[in-house]
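A short write-up of the structure that comes next.
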Amino acid sequence: TQALNVKALYQEMTAWYKATRTSSKVQGELTVERIRTQRGWPKLKAKAAATRHLATFALELAMEYDSGSPHDRRRVGVAQLLADFYEIIHTESMFMSSDAREKLPNIGRRLCMMYSELSVEASTSGSRKWKFSPKHHLFLHLAEWQALEWGNPRWYWVYADEDLVGQMIEVAHSCHPRTMAAIALYKWLSLIHI
């Protein structure tokens, strides 16, 4: 069943975390509810930074279950390109080398093209997998020109800001609308112990 498959995937992910000593981990257990969205498309519900660290794990899984079919080869290709992208971002300084600046646009175009092929294949078969979303377009722009013009995205991405927004939403829910501005600020400052 799907629940057993997700449980097996969680065990593999946990073993991978131990073997690689990855510091940023998906918090909590992996469940079907955590992967399935309301409209039936699979999407992992986890923090962005922890999900980003799973790119290498996704590549290892894709290679392990590669049967040699065109679908599997494209799946491995997408995972490889994503892992390559994050490797470049992780190893480069703020001002990327000419080699990295040459590779990124190619990675962006090839990843979007392969993902699109997987999306069309799934759509043709009536399967809700490989959803092609506007974020792919944004990724292409990031790889083709934003990273080249503004430098390594690692120096300006907003994972920390997203965590702060999440914390502020929790604080705001506990406030009365009339006093929210002052009380939310007070509660947030108390939360971070300033």
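Scheme for the structure tokens: letters A, B, ... for chains in order shown; per-chain residue numbers from 1; ligand numbers from 1 in order shown.
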Picked from chain A by DSSP as helix (DSSP H, G or I), as an MDAnalysis selection string: chainID A and resid 2:20 32:35 48:52 55:64 70:91 98:124 134:150 153:155 159:173 177:191
For stretch 132-173 of chain A versus stretch 90-110 of chain A, which residues have an atom no more than 6 Å away, and what is each residue's nearest atom pair and distance in Å rounded to one decimal, using only C-alpha atoms, chain-then-number order, as JSON lines?
{"residue": "A:Leu140", "atom": "CA", "partner": "A:Gly108", "partner_atom": "CA", "distance": 4.9}
{"residue": "A:Ala143", "atom": "CA", "partner": "A:Pro105", "partner_atom": "CA", "distance": 5.0}
{"residue": "A:Glu144", "atom": "CA", "partner": "A:Pro105", "partner_atom": "CA", "distance": 4.1}
{"residue": "A:Leu148", "atom": "CA", "partner": "A:Arg101", "partner_atom": "CA", "distance": 5.9}
{"residue": "A:Gly151", "atom": "CA", "partner": "A:Phe95", "partner_atom": "CA", "distance": 5.2}
{"residue": "A:Asn152", "atom": "CA", "partner": "A:Met94", "partner_atom": "CA", "distance": 5.0}
Calculate how many Å separate atom CA of A:Glu149 from atom CA of A:Arg52, rounding to one decimal. 22.6 Å
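Reported to one decimal place, the separation of atom CA of A:Leu54 from atom CA of A:Met114 is 19.2 Å.
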Stretch 15-23 of chain A surroundings by only C-alpha atoms, 12 Å radius, close-in-sequence under 6 positions cut, as a list in words: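 After dropping sequence-adjacent residues, the list is Ala8, Leu9, Ala49, Ala50, Thr51, Arg52, His53, Leu54, Ala55, Thr56, Phe57, Ala58, Leu59, Glu60 and Leu61 of chain A.
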Distance query stretch 181-192 of chain A at most 10 Å, only C-alpha atoms, self and fewer than 2 positions along chain excluded, as an MDAnalysis selection string: chainID A and resid 164 167:179 194
Of the residues A:Met13, A:His136, A:Tyr115, A:Ala48, which is the one nearest to A:Arg74, using only C-alpha atoms?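 Distance minimum relative to A:Arg74 lands on A:Tyr115.
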Residue among A:Leu111, A:Leu44, A:Pro153, A:Pro70 lying closest to A:Asp84, counting only C-alpha atoms: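 Between A:Leu111, A:Leu44, A:Pro153, A:Pro70, the residue approaching A:Asp84 most closely is A:Leu111.
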Using only C-alpha atoms, find the one residue out of A:Ser133, A:Gln2, A:Thr14, A:Gln146 that sits nearest to A:Ile35.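 Smallest distance to A:Ile35 is found for A:Gln2.
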What is the distance, in Å and to one decimal place, between atom CA of A:Lys131 and atom CA of A:Val26?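 Going from atom CA of A:Lys131 over to atom CA of A:Val26 covers 21.7 Å.
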With only C-alpha atoms as the counted atoms, please give the residues lying no more than 12 Å from stretch 126-129 of chain A, apart from itself and same-chain residues fewer than 2 positions off, as a PyMOL selection string. chain A and resi 35-43+75+115-124+131-133
Write out as a PyMOL selection string which residues come within 8 Å of A:Asp66 when counting only C-alpha atoms, dropping same-chain ones fewer than 5 positions away. chain A and resi 72-73+76
Take the residues just selected and output them with all heavy atoms as a PDB file, in the first residue's frame.
ATOM      1  N   ASP A  72      12.683   6.382 -16.414  1.00  0.00           N
ATOM      2  CA  ASP A  72      13.651   6.317 -15.314  1.00  0.00           C
ATOM      3  C   ASP A  72      14.905   7.122 -15.632  1.00  0.00           C
ATOM      4  O   ASP A  72      15.479   7.762 -14.753  1.00  0.00           O
ATOM      5  CB  ASP A  72      14.011   4.867 -14.995  1.00  0.00           C
ATOM      6  CG  ASP A  72      12.885   4.135 -14.272  1.00  0.00           C
ATOM      7  OD1 ASP A  72      11.871   4.771 -13.938  1.00  0.00           O
ATOM      8  OD2 ASP A  72      13.027   2.916 -14.051  1.00  0.00           O
ATOM      9  N   ARG A  73      15.338   7.104 -16.873  1.00  0.00           N
ATOM     10  CA  ARG A  73      16.530   7.872 -17.262  1.00  0.00           C
ATOM     11  C   ARG A  73      16.261   9.372 -17.103  1.00  0.00           C
ATOM     12  O   ARG A  73      17.126  10.113 -16.651  1.00  0.00           O
ATOM     13  CB  ARG A  73      16.953   7.567 -18.704  1.00  0.00           C
ATOM     14  CG  ARG A  73      17.350   6.129 -18.992  1.00  0.00           C
ATOM     15  CD  ARG A  73      18.417   5.523 -18.091  1.00  0.00           C
ATOM     16  NE  ARG A  73      19.583   6.356 -17.887  1.00  0.00           N
ATOM     17  CZ  ARG A  73      20.328   6.349 -16.785  1.00  0.00           C
ATOM     18  NH1 ARG A  73      20.046   5.540 -15.793  1.00  0.00           N
ATOM     19  NH2 ARG A  73      21.357   7.137 -16.664  1.00  0.00           N
ATOM     20  N   VAL A  76      16.285  10.156 -13.346  1.00  0.00           N
ATOM     21  CA  VAL A  76      17.665  10.246 -12.856  1.00  0.00           C
ATOM     22  C   VAL A  76      18.287  11.560 -13.329  1.00  0.00           C
ATOM     23  O   VAL A  76      18.985  12.240 -12.571  1.00  0.00           O
ATOM     24  CB  VAL A  76      18.518   9.037 -13.324  1.00  0.00           C
ATOM     25  CG1 VAL A  76      19.999   9.264 -13.059  1.00  0.00           C
ATOM     26  CG2 VAL A  76      18.050   7.757 -12.643  1.00  0.00           C
TER      27      VAL A  76
END
